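Colleague: Submitted below is the structure of interest, expressed as structure tokens.
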Amino acid sequence: MNADEPCERDFPTAAPDRAAGAETPIRVRERILVLVGADRTAATLVRVGQQLSAAMMNAPWTVAHVARPDANPVSAAAAQALQDAFKLAEQLGGSTVTLASDDLRACALDYARRSDMTQIVVGRGRGPRFPYRHRLDRTLLDASPAATVHIVAGDPAAPRPARGPSRRSPRGLSWRGHLGALGVVGAAAGVAWIVDRYVESADLAMVFMLSVLVSGLAFGLWPAVTAAAAAAFIYNFFFLLPRLTIYIAHPADVLTFAVFFAVAMTTGWLTGRVRDQARIAARSASAIAAVLSATRRLSASATASEAAKALAEQLAAATNGRAVVLTPRGHDLEISAADPPLEVLAADDMAAALLAWDMGEPAGSGTDAPPAARWTFRPLQGVKLRAGVVGVAPSAVATEDGERFVAALLDQGAVALERAELAADAADAEALRRTDTLRSALLNSVSHDLRTPLSTVLGSATTLIDYGKSLSPKVRDDLLLSIREEAERLNRYVGDLLDMTRLEGGALVTRREWTDARDVLRAAVARVKRRLDGRRIKWDFPDQVTMVMADASLLEQALVNILENAVAYSPDGTTIEVAAYEDRRNVVISIEDQGRGIPTVELERVFEKFRRMDEATDRGKGTGLGLAISKGFVEAMGGRIAAASPIDDGRGTRILISLPKERATPEGWL
Amino acid sequence: MSAHRPRILVIDDEPQIHRFLGPALDAAGYEPVRADTAAEGLREIARKAPDAVVLDLGLPDLDGKQALTKARAFYDGPIVILSARDRETEKIDALDLGADDYVEKPFGVGELLARLRVALRHRIRDQGAPPVVVAGDLTIDLVKRLVTRAADPIRLSPREYDLLAQLVQGAGKVVTHKQLLTAVWGPAHEHDVQYLRVFVGQLRQKIEPDPSAPALILTEPSVGYRWMG
């Protein structure tokens with residue numbers, strides 16, 4: 001970030017929390033201002049600011065740098081140090097601001113007052129080489145009755161920044177310039193004296209002319225004029241005949257003196273112009289940097305309210321006044337952000353804001369209508385729509401540069417707001433779409449998975465009714481069995497759907513009580529026992545397992561779902577291992593099958609809804625909700641669930657449920 | 001005896017369906033053949049030349065319509081579709097592609113067997129289509145294009161007659177809207193289902209004993225019509 005900006009322009013680059021208040025800022029909490037210069041101490045000061053903030057319950061803190069437009073740009077190293085310090089501040093959670101003013105003290109004090117700072121951190125002045133800073137800490141101490149000032153000794157190891165030749169105040173520059181000019185003329189006089197002694201009838205006027213020229217180039221107009229006067233006097237008094245008088249013998253010499261002054265004027269003027277141009281160039285470079293910085297901040301805003309807040313802060317800083325951002329809500333405008341915080345606008349101001357919104361043109365103070373408004377409102381015209389209205393309090397200094405900057409800010413702000421709103425719309429649409437996808441998946445699932453068992457029940461029942469007499473007893477029994485199995489399957493589906501609805505609808509109530517995980521596991525295994533077919537259950541329980549706070553019925557359902565999954569995806573004759581153990585913090589339940597396992601890419605998604613592996617061995621085909629419900633239930637009880645696969649030689653799946661132990665074990669269990 | 005039992009191939013991926021359909025078909029005097037996938041079903045059609053095929057549209061390996069098209073390439077026996085209601089368009093497409101009838105899941109065994117009987121009968125009759133169809137006191141002479149009730153001629157417009165003839169020739173199987181419209185009005189009108197509503201209404205007025213409770217021309221909602229004479 002370039003540093004040289006007029007004071008009426010500053011640009012925060014990260015948002016501090018602001019307490020809401022009435023139209024006058026109300027101090028609710030500490031606010032910390034860290035003043036840094038462009039040197040290596042800046043980072044130290046930033047860290048101090050952050051520590052102070054941490055000590056004050058994370059009070060909002062702002063790192064400010066006052067750049068001086070009159071000085072030449074600081075050295076690259078110094079600019080880098082400042083930029084690093086700003087980056088550090090943003091990483092540590094602080095805001096950053098670059099102010100610009102020739103008068104560092106006034107600007108800093110003004111900013112501190114305006115932003116309602118309660119703590120000011122400043123580096124200690126380091127002697128005459130830094131006269132402005134040396135005075136700064138004292139001045140702040142004297143002039144900040146409302147704020148506590150912390151003076152930090154700079155990092156002694158930090159090298160001092162290189163000082164450019166023109167790092168001087170304009171006043172200093174003028175008297176030093178005159179002295180310098182006299183020095184140059186003196187040197188010229190010395191040279192002229194030597195030349196005069198050894199060379200016959202040399203044109204010494206040329207030597208003095210050179211000194212005037214050099215003075216003009218080096219020091220500007222007025223030192224050059226001084227040089228011309230001094231050169232004319234010395235040349236006339238010491239070198240023109242008659243010597244040691246100011247009497248001019250030849251009228252032609254008068255012309256020589258006139259040329260001295262003409263050269264002084266011309267070179268001085270030229271030098272001044274070059275300087276002005278350099279300054280203008282520096283200014284526009286820093287204006288671009290300021291706009292870029294503001295844009296970066298605005299486009300980093302993820303939500304409309306963040307964008308509004310950023311815009312309000314930037315505008316308030318840029319206009320050295322107050323700013324408010326209003327966004328539409330229904331048919332009205334409401335305050336979306338304000339700097340300093342503001343809750344309501346006066347009726348006249350609100351009318352002006354609505355006028356600006358409706359007409360798409362500036363309204364309020366400083367415009368035609370309405371006359372009573374104290375704020376000036378301007379519409380925020382985005383690419384497609386009007387995003388809102390910004391109001392600026394009329395204390396704004398309307399320099400041309402400032403106007404341009406404000407206009408650029410408004411453009412960027414409008415686009416940022418619009419973008420944030422579009423992003424929010426897109427997110428809403430995405431959420432809706434996902435809900436729709438879920439619904440249609442659910443419908444498909446219901447349609448297929450409920451109808452299949454119904455088909456079997458209806459088909460078997462009608463077969464028995466129509467042909468029961470001609471069927472063998474074995475076939476009759478099998479049909480009756482299939483009716484029962486499918487009715488049970490149907491019941492499980494309906495149960496799954498209800499469980500999922502409870503989870504999704506947020507209607508799940510957990511009744512947690514002291515529970516022995518082993519008891520719940522035994523009950524769950526008993527419920528799936530009949531569907532095990534040739535699969536064996538292997539138990540692995542310790543003698544003691546700490547009780548956990550859990551909802552036994554939810555845990556049982558979660559375990560049943562996992563067990564059913566294990567049955568569905570493992571072949572007959574394999575073993576399902578059921579284990580419970582504990583570590584220091586958790587009781588862990590593990591259910592492991594010897595099925596074909598889950599591919600690693602699928603592992604993370606097994607707990608998603610409607611996630612089904614192809615080719616369940618048979619009849620275990622589920623709704624695809626079982627594991628999702630298990631996860632929902634376990635998490636509702638504060639536990640965690642995870643899947644691991646393959647277990648060994650590329651086969652097997654292990655589901656782990658861990659339930660946290662309560663810190664305090666009830667006395668009864670001790 | 002087994003040589004005369006009609007062989008019915010059931011293609012369905014749900015083992016539970018085979019579990020009851022096998023014994024039911026067996027008890028009803030058919031010889032059931034089981035296939036779990038479309039590929040297996042097509043192989044069985046080629047190898048065992050079943051008298052009729054029951055085809056589930058929701059097969060894991062092949063889309064129902066594709067399976068039907070492939071089967072129809074070398075098999076022209078009756079094919080009855082099993083489908084769930086959410087596959088309605090697929091069901092109509094299947095009928096248009098040459099399926100004879102459909103049964104919606106869940107279904108009673110009696111219903112499926114009745115449809116199978118109709119389809120089998122239709123195929124038998126197809127081989128020597130009778131020129132005169134009799135339904136109660138109604139006689140339809142497909143050669144003379146004459147419809148009479150108890151010897152009294154019934155006046156039908158040419159379109160009404162064509163429509164009736166199409167339905168009668170379907171003889172118990174569903175004739176889809178598209179099939180009727182294409183045959184009677186031409187391919188350009190295959191979506192003008194409202195024509196059918198009007199003309200079927202008029203036909204019912206003229207031939208049904210009780211037009212408010214049609215017994216001869218049954219409506220299969222959003223699929224087509226069925227001649228029950």
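Residues are named by chain letter and number: chains run A, B, ... in the order of the structure tokens, numbers start at 1 in each chain, and ligands are numbered from 1 in the order shown.
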Select all residues from chain A having any atom no more than 6 Å from an atom of chain B (counting only C-alpha atoms, ignoring ligands), output as number ranges by chain.
Modeller: A: 454-456, 458-460, 462-463
Colleague: If you count only C-alpha atoms, which residues fall within 10 Å of region 53-57 of chain B, apart from same-chain ones fewer than 4 positions away, as an NGL selection string?
Modeller: :B and (7-14 or 32-38 or 41 or 45 or 49 or 62-68 or 71 or 75 or 77-84 or 87 or 90-91 or 94 or 99-105 or 112 or 116)
Colleague: Give me a file of those residues, with N, CA and C atoms, as a short mmCIF file (atom, residue, chain, number, x, y, z; two decimals), in the first residue's frame.
Modeller:
data_model
loop_
_atom_site.label_atom_id
_atom_site.label_comp_id
_atom_site.auth_asym_id
_atom_site.auth_seq_id
_atom_site.Cartn_x
_atom_site.Cartn_y
_atom_site.Cartn_z
N ARG B 7 -45.63 -72.54 -20.72
CA ARG B 7 -44.43 -72.15 -19.98
C ARG B 7 -44.43 -70.62 -19.84
N ILE B 8 -44.32 -70.15 -18.59
CA ILE B 8 -44.32 -68.71 -18.34
C ILE B 8 -42.95 -68.31 -17.79
N LEU B 9 -42.30 -67.36 -18.48
CA LEU B 9 -41.00 -66.87 -18.00
C LEU B 9 -41.23 -65.61 -17.18
N VAL B 10 -40.75 -65.61 -15.94
CA VAL B 10 -40.87 -64.41 -15.09
C VAL B 10 -39.49 -63.77 -14.97
N ILE B 11 -39.37 -62.52 -15.47
CA ILE B 11 -38.09 -61.81 -15.37
C ILE B 11 -38.25 -60.71 -14.33
N ASP B 12 -37.67 -60.91 -13.16
CA ASP B 12 -37.77 -59.92 -12.07
C ASP B 12 -36.55 -60.07 -11.19
N ASP B 13 -36.00 -58.93 -10.72
CA ASP B 13 -34.80 -59.02 -9.90
C ASP B 13 -35.13 -59.24 -8.42
N GLU B 14 -36.40 -59.16 -8.05
CA GLU B 14 -36.76 -59.34 -6.65
C GLU B 14 -36.99 -60.82 -6.35
N PRO B 32 -43.51 -72.43 -14.48
CA PRO B 32 -42.77 -71.18 -14.29
C PRO B 32 -41.29 -71.34 -14.61
N VAL B 33 -40.72 -70.31 -15.25
CA VAL B 33 -39.27 -70.25 -15.48
C VAL B 33 -38.79 -68.94 -14.86
N ARG B 34 -37.71 -69.01 -14.11
CA ARG B 34 -37.27 -67.82 -13.39
C ARG B 34 -36.04 -67.19 -14.04
N ALA B 35 -36.06 -65.87 -14.14
CA ALA B 35 -34.86 -65.14 -14.58
C ALA B 35 -34.74 -63.89 -13.72
N ASP B 36 -33.50 -63.59 -13.27
CA ASP B 36 -33.31 -62.47 -12.33
C ASP B 36 -32.81 -61.19 -13.00
N THR B 37 -32.30 -61.33 -14.21
CA THR B 37 -31.81 -60.13 -14.90
C THR B 37 -32.34 -60.14 -16.33
N ALA B 38 -32.23 -59.00 -16.98
CA ALA B 38 -32.69 -58.89 -18.36
C ALA B 38 -31.87 -59.82 -19.26
N GLY B 41 -32.99 -63.25 -18.76
CA GLY B 41 -34.33 -63.39 -19.32
C GLY B 41 -34.29 -63.57 -20.84
N ILE B 45 -35.61 -66.72 -22.98
CA ILE B 45 -36.60 -66.62 -24.06
C ILE B 45 -36.08 -67.38 -25.28
N ALA B 49 -38.21 -70.81 -25.30
CA ALA B 49 -39.39 -70.39 -26.05
C ALA B 49 -40.65 -70.42 -25.20
N LEU B 62 -30.65 -53.62 -17.30
CA LEU B 62 -31.06 -53.05 -18.58
C LEU B 62 -32.38 -52.30 -18.38
N ASP B 63 -32.51 -51.18 -19.05
CA ASP B 63 -33.75 -50.44 -19.00
C ASP B 63 -34.88 -51.31 -19.57
N GLY B 64 -36.07 -51.24 -18.95
CA GLY B 64 -37.19 -52.10 -19.33
C GLY B 64 -37.53 -52.02 -20.81
N LYS B 65 -37.50 -50.78 -21.34
CA LYS B 65 -37.86 -50.59 -22.74
C LYS B 65 -36.86 -51.28 -23.66
N GLN B 66 -35.58 -51.14 -23.29
CA GLN B 66 -34.54 -51.78 -24.12
C GLN B 66 -34.70 -53.29 -24.09
N ALA B 67 -34.97 -53.80 -22.88
CA ALA B 67 -35.14 -55.25 -22.74
C ALA B 67 -36.28 -55.71 -23.63
N LEU B 68 -37.37 -54.92 -23.63
CA LEU B 68 -38.55 -55.27 -24.42
C LEU B 68 -38.21 -55.26 -25.92
N ALA B 71 -36.22 -58.22 -26.81
CA ALA B 71 -37.01 -59.46 -26.79
C ALA B 71 -37.91 -59.54 -28.03
N TYR B 75 -38.94 -62.54 -30.51
CA TYR B 75 -40.00 -63.23 -29.79
C TYR B 75 -41.31 -62.48 -30.00
N GLY B 77 -44.39 -63.77 -28.77
CA GLY B 77 -45.41 -64.24 -27.83
C GLY B 77 -45.83 -63.11 -26.91
N PRO B 78 -46.87 -63.35 -26.10
CA PRO B 78 -47.36 -62.29 -25.22
C PRO B 78 -46.33 -61.90 -24.14
N ILE B 79 -46.23 -60.59 -23.93
CA ILE B 79 -45.36 -60.08 -22.86
C ILE B 79 -46.20 -59.20 -21.96
N VAL B 80 -46.26 -59.55 -20.69
CA VAL B 80 -47.00 -58.73 -19.71
C VAL B 80 -45.99 -58.01 -18.83
N ILE B 81 -46.20 -56.70 -18.71
CA ILE B 81 -45.26 -55.85 -17.97
C ILE B 81 -45.66 -55.79 -16.50
N LEU B 82 -44.65 -55.87 -15.60
CA LEU B 82 -44.87 -55.55 -14.19
C LEU B 82 -44.26 -54.17 -13.96
N SER B 83 -45.01 -53.26 -13.40
CA SER B 83 -44.42 -51.93 -13.20
C SER B 83 -44.99 -51.27 -11.96
N ALA B 84 -44.22 -50.32 -11.45
CA ALA B 84 -44.71 -49.53 -10.34
C ALA B 84 -45.33 -48.26 -10.92
N ARG B 87 -43.49 -45.43 -12.75
CA ARG B 87 -42.86 -45.66 -14.05
C ARG B 87 -43.91 -45.64 -15.15
N GLU B 90 -42.92 -45.11 -18.77
CA GLU B 90 -42.18 -46.27 -19.25
C GLU B 90 -43.14 -47.40 -19.61
N LYS B 91 -44.21 -47.50 -18.83
CA LYS B 91 -45.21 -48.53 -19.05
C LYS B 91 -45.93 -48.31 -20.38
N ALA B 94 -43.72 -49.04 -23.16
CA ALA B 94 -43.58 -50.50 -23.31
C ALA B 94 -44.76 -51.06 -24.10
N ALA B 99 -45.56 -54.52 -25.89
CA ALA B 99 -45.99 -55.33 -24.76
C ALA B 99 -47.50 -55.53 -24.88
N ASP B 100 -48.00 -56.64 -24.34
CA ASP B 100 -49.42 -56.93 -24.50
C ASP B 100 -50.26 -56.30 -23.41
N ASP B 101 -49.72 -56.26 -22.22
CA ASP B 101 -50.53 -55.76 -21.11
C ASP B 101 -49.61 -55.37 -19.97
N TYR B 102 -50.19 -54.82 -18.94
CA TYR B 102 -49.36 -54.49 -17.79
C TYR B 102 -50.13 -54.76 -16.50
N VAL B 103 -49.39 -54.99 -15.43
CA VAL B 103 -49.97 -55.14 -14.10
C VAL B 103 -49.16 -54.25 -13.18
N GLU B 104 -49.88 -53.46 -12.37
CA GLU B 104 -49.16 -52.55 -11.48
C GLU B 104 -48.83 -53.21 -10.16
N LYS B 105 -47.62 -52.95 -9.70
CA LYS B 105 -47.23 -53.43 -8.37
C LYS B 105 -47.82 -52.51 -7.32
N LEU B 112 -52.87 -60.93 -12.15
CA LEU B 112 -51.80 -61.23 -13.09
C LEU B 112 -52.18 -62.45 -13.94
N LEU B 116 -52.65 -62.78 -17.98
CA LEU B 116 -51.87 -63.77 -18.72
C LEU B 116 -52.80 -64.63 -19.59
#
Colleague: Which is closer to Glu160 (chain B) than all the others in B:Pro131, B:Pro6, B:Pro50, B:Gly201, using only C-alpha atoms?
Modeller: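 Looking only at the distances to Glu160 (chain B), the closest residue turns out to be B:Gly201.
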Colleague: Step one, run DSSP on the backbone; step two, keep only residues of region 185-427 of chain A assigned to alpha helix (DSSP H); then write them as a ChimeraX atom specification.
Modeller: /A:185-198,205-219,221-234,251-299,304-319,347-359,400-427
Colleague: Let's see if you can do this: from backbone DSSP, list all strand (DSSP E or B) residues in region 29-152 of chain B, as a VMD selection string.
Modeller: chain B and resid 31 to 35 52 to 56 79 to 83 101 to 104 132 to 135 138 to 141 146 to 149 152
Colleague: Mind checking which residues fall within 7 Å of Ser211 (chain A), counting only C-alpha atoms, ignoring those fewer than 4 positions away in the same chain, and posting them as a PDB file with N, CA and C atoms, in the first residue's frame?
Modeller:
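out.pdb was written with the following content:
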ATOM      1  N   VAL A 184      26.696  27.178  -2.515  1.00  0.00           N
ATOM      2  CA  VAL A 184      27.093  26.916  -3.909  1.00  0.00           C
ATOM      3  C   VAL A 184      27.747  28.161  -4.510  1.00  0.00           C
ATOM      4  N   VAL A 185      27.122  29.322  -4.238  1.00  0.00           N
ATOM      5  CA  VAL A 185      27.687  30.567  -4.773  1.00  0.00           C
ATOM      6  C   VAL A 185      29.075  30.816  -4.169  1.00  0.00           C
ATOM      7  N   ALA A 188      31.490  28.744  -5.877  1.00  0.00           N
ATOM      8  CA  ALA A 188      31.761  29.327  -7.196  1.00  0.00           C
ATOM      9  C   ALA A 188      32.752  30.493  -7.067  1.00  0.00           C
ATOM     10  N   VAL A 207      31.275  31.070 -14.378  1.00  0.00           N
ATOM     11  CA  VAL A 207      31.373  30.258 -13.152  1.00  0.00           C
ATOM     12  C   VAL A 207      30.197  30.556 -12.237  1.00  0.00           C
ATOM     13  N   SER A 215      21.963  25.947  -8.166  1.00  0.00           N
ATOM     14  CA  SER A 215      21.066  26.292  -7.053  1.00  0.00           C
ATOM     15  C   SER A 215      19.619  26.122  -7.467  1.00  0.00           C
TER      16      SER A 215
END
Colleague: Which distance in Å separates CA of Ala317 (chain A) and CA of Val149 (chain A), to one decimal?
Modeller: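 Separation of CA of Ala317 (chain A) and CA of Val149 (chain A): 22.1 Å.
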Colleague: Measure the distance from CA of Ala356 (chain A) to CA of Arg386 (chain A) in Å and round it to one decimal.
Modeller: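 So the two atoms, CA of Ala356 (chain A) and CA of Arg386 (chain A), lie 10.5 Å apart.
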Colleague: What gap, in Å, lies between CA of Gly229 (chain B) and CA of Ala119 (chain B)?
Modeller: 14.3 Å
Colleague: Name all residues at most 12 Å from Ile140 (chain B) (count only C-alpha atoms; drop same-chain ones fewer than 5 positions away) and give them as an mmCIF file with N, CA and C atoms, in the first residue's frame.
Modeller:
data_model
loop_
_atom_site.group_PDB
_atom_site.id
_atom_site.type_symbol
_atom_site.label_atom_id
_atom_site.label_comp_id
_atom_site.auth_asym_id
_atom_site.auth_seq_id
_atom_site.Cartn_x
_atom_site.Cartn_y
_atom_site.Cartn_z
ATOM 1 N N PRO B 130 -61.069 -64.294 -35.861
ATOM 2 C CA PRO B 130 -62.449 -64.570 -36.234
ATOM 3 C C PRO B 130 -63.066 -63.359 -36.918
ATOM 4 N N PRO B 131 -63.794 -63.555 -37.992
ATOM 5 C CA PRO B 131 -64.359 -62.416 -38.714
ATOM 6 C C PRO B 131 -65.541 -61.812 -37.981
ATOM 7 N N VAL B 132 -66.135 -62.572 -37.064
ATOM 8 C CA VAL B 132 -67.308 -62.042 -36.362
ATOM 9 C C VAL B 132 -67.080 -62.154 -34.858
ATOM 10 N N VAL B 133 -67.228 -61.004 -34.155
ATOM 11 C CA VAL B 133 -67.048 -60.994 -32.702
ATOM 12 C C VAL B 133 -68.420 -60.829 -32.058
ATOM 13 N N VAL B 134 -68.695 -61.683 -31.073
ATOM 14 C CA VAL B 134 -69.992 -61.612 -30.407
ATOM 15 C C VAL B 134 -69.774 -61.273 -28.952
ATOM 16 N N ALA B 135 -70.482 -60.261 -28.454
ATOM 17 C CA ALA B 135 -70.420 -59.905 -27.035
ATOM 18 C C ALA B 135 -71.857 -59.715 -26.550
ATOM 19 N N ARG B 145 -68.155 -55.108 -42.006
ATOM 20 C CA ARG B 145 -68.166 -53.808 -41.303
ATOM 21 C C ARG B 145 -69.574 -53.504 -40.812
ATOM 22 N N LEU B 146 -70.159 -54.483 -40.114
ATOM 23 C CA LEU B 146 -71.550 -54.346 -39.690
ATOM 24 C C LEU B 146 -71.645 -54.604 -38.193
ATOM 25 N N VAL B 147 -72.341 -53.706 -37.466
ATOM 26 C CA VAL B 147 -72.548 -53.900 -36.028
ATOM 27 C C VAL B 147 -74.054 -54.016 -35.787
ATOM 28 N N THR B 148 -74.430 -55.080 -35.141
ATOM 29 C CA THR B 148 -75.870 -55.260 -34.891
ATOM 30 C C THR B 148 -76.111 -55.618 -33.444
ATOM 31 N N ARG B 149 -77.235 -55.193 -32.924
ATOM 32 C CA ARG B 149 -77.632 -55.642 -31.587
ATOM 33 C C ARG B 149 -78.963 -56.354 -31.760
ATOM 34 N N ALA B 150 -79.012 -57.611 -31.388
ATOM 35 C CA ALA B 150 -80.201 -58.444 -31.520
ATOM 36 C C ALA B 150 -80.812 -58.281 -32.917
ATOM 37 N N ALA B 151 -79.939 -58.392 -33.901
ATOM 38 C CA ALA B 151 -80.304 -58.319 -35.315
ATOM 39 C C ALA B 151 -80.652 -56.932 -35.817
ATOM 40 N N ASP B 152 -80.733 -55.925 -34.875
ATOM 41 C CA ASP B 152 -80.981 -54.558 -35.341
ATOM 42 C C ASP B 152 -79.642 -53.898 -35.651
ATOM 43 N N PRO B 153 -79.468 -53.362 -36.841
ATOM 44 C CA PRO B 153 -78.192 -52.699 -37.130
ATOM 45 C C PRO B 153 -78.014 -51.424 -36.296
ATOM 46 N N ILE B 154 -76.747 -51.199 -35.841
ATOM 47 C CA ILE B 154 -76.420 -49.953 -35.117
ATOM 48 C C ILE B 154 -75.652 -49.071 -36.095
ATOM 49 N N LEU B 156 -73.077 -46.581 -37.119
ATOM 50 C CA LEU B 156 -71.812 -45.995 -36.633
ATOM 51 C C LEU B 156 -71.187 -45.191 -37.757
ATOM 52 N N TYR B 161 -66.613 -46.707 -36.251
ATOM 53 C CA TYR B 161 -66.430 -48.118 -36.582
ATOM 54 C C TYR B 161 -64.949 -48.499 -36.541
ATOM 55 N N ASP B 162 -64.107 -47.669 -37.153
ATOM 56 C CA ASP B 162 -62.667 -47.974 -37.147
ATOM 57 C C ASP B 162 -62.139 -48.109 -35.726
ATOM 58 N N LEU B 164 -63.832 -48.881 -33.015
ATOM 59 C CA LEU B 164 -64.364 -50.099 -32.425
ATOM 60 C C LEU B 164 -63.589 -51.312 -32.940
ATOM 61 N N ALA B 165 -63.332 -51.321 -34.236
ATOM 62 C CA ALA B 165 -62.622 -52.450 -34.825
ATOM 63 C C ALA B 165 -61.231 -52.593 -34.211
ATOM 64 N N GLN B 166 -60.542 -51.456 -34.024
ATOM 65 C CA GLN B 166 -59.222 -51.508 -33.395
ATOM 66 C C GLN B 166 -59.289 -52.128 -32.005
ATOM 67 N N LEU B 167 -60.271 -51.686 -31.212
ATOM 68 C CA LEU B 167 -60.405 -52.176 -29.849
ATOM 69 C C LEU B 167 -60.734 -53.661 -29.853
ATOM 70 N N VAL B 168 -61.677 -54.050 -30.713
ATOM 71 C CA VAL B 168 -62.125 -55.439 -30.750
ATOM 72 C C VAL B 168 -60.974 -56.351 -31.159
ATOM 73 N N GLN B 169 -60.185 -55.886 -32.119
ATOM 74 C CA GLN B 169 -59.067 -56.705 -32.559
ATOM 75 C C GLN B 169 -58.002 -56.821 -31.464
ATOM 76 N N ILE B 207 -73.309 -48.631 -28.168
ATOM 77 C CA ILE B 207 -73.190 -50.089 -28.060
ATOM 78 C C ILE B 207 -73.284 -50.624 -26.640
ATOM 79 N N GLY B 229 -65.303 -57.428 -24.420
ATOM 80 C CA GLY B 229 -66.419 -58.220 -24.945
ATOM 81 C C GLY B 229 -66.092 -59.697 -25.055
#
Colleague: Please identify all polymer residues within 10 Å of Lys538 (chain A), counting only C-alpha atoms, omitting same-chain residues fewer than 6 positions from it, and present them as JSON, numbers by chain.
Modeller: {"A": [575, 576, 577, 578, 579, 591, 592]}
Colleague: Neighbours of His177 (chain B) within 10 Å (only C-alpha atoms; same-chain residues fewer than 3 positions away dropped), as a ChimeraX atom specification?
Modeller: /B:92,96,174,180-183,190-197,220,222-225
Colleague: May I have the selected residues written with C-alpha atoms, as a short mmCIF file (atom, residue, chain, number, x, y, z; two decimals), in the first residue's frame?
Modeller:
data_model
loop_
_atom_site.label_atom_id
_atom_site.label_comp_id
_atom_site.auth_asym_id
_atom_site.auth_seq_id
_atom_site.Cartn_x
_atom_site.Cartn_y
_atom_site.Cartn_z
CA ILE B 92 -47.01 -46.73 -21.90
CA ASP B 96 -46.37 -49.01 -27.66
CA VAL B 174 -54.82 -52.62 -23.61
CA LEU B 180 -55.64 -45.98 -31.52
CA LEU B 181 -54.98 -42.44 -32.73
CA THR B 182 -52.34 -43.55 -35.22
CA ALA B 183 -54.54 -46.30 -36.63
CA GLU B 190 -51.07 -39.34 -32.14
CA HIS B 191 -51.29 -36.80 -29.27
CA ASP B 192 -54.92 -35.76 -29.76
CA VAL B 193 -56.26 -37.80 -26.88
CA GLN B 194 -59.37 -35.58 -26.70
CA TYR B 195 -60.61 -37.12 -30.00
CA LEU B 196 -60.65 -40.47 -28.26
CA ARG B 197 -62.61 -39.15 -25.29
CA GLU B 220 -57.23 -47.58 -18.56
CA SER B 222 -53.89 -42.20 -19.02
CA VAL B 223 -52.86 -45.37 -20.87
CA GLY B 224 -55.59 -46.43 -23.28
CA TYR B 225 -58.70 -48.60 -23.65
#
Colleague: Pick from A:Ala147, A:Ala426, A:Val389, A:Ile629: nearest to Ala414 (chain A), with only C-alpha atoms counted?
Modeller: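 The answer is A:Val389, which sits nearest to Ala414 (chain A).
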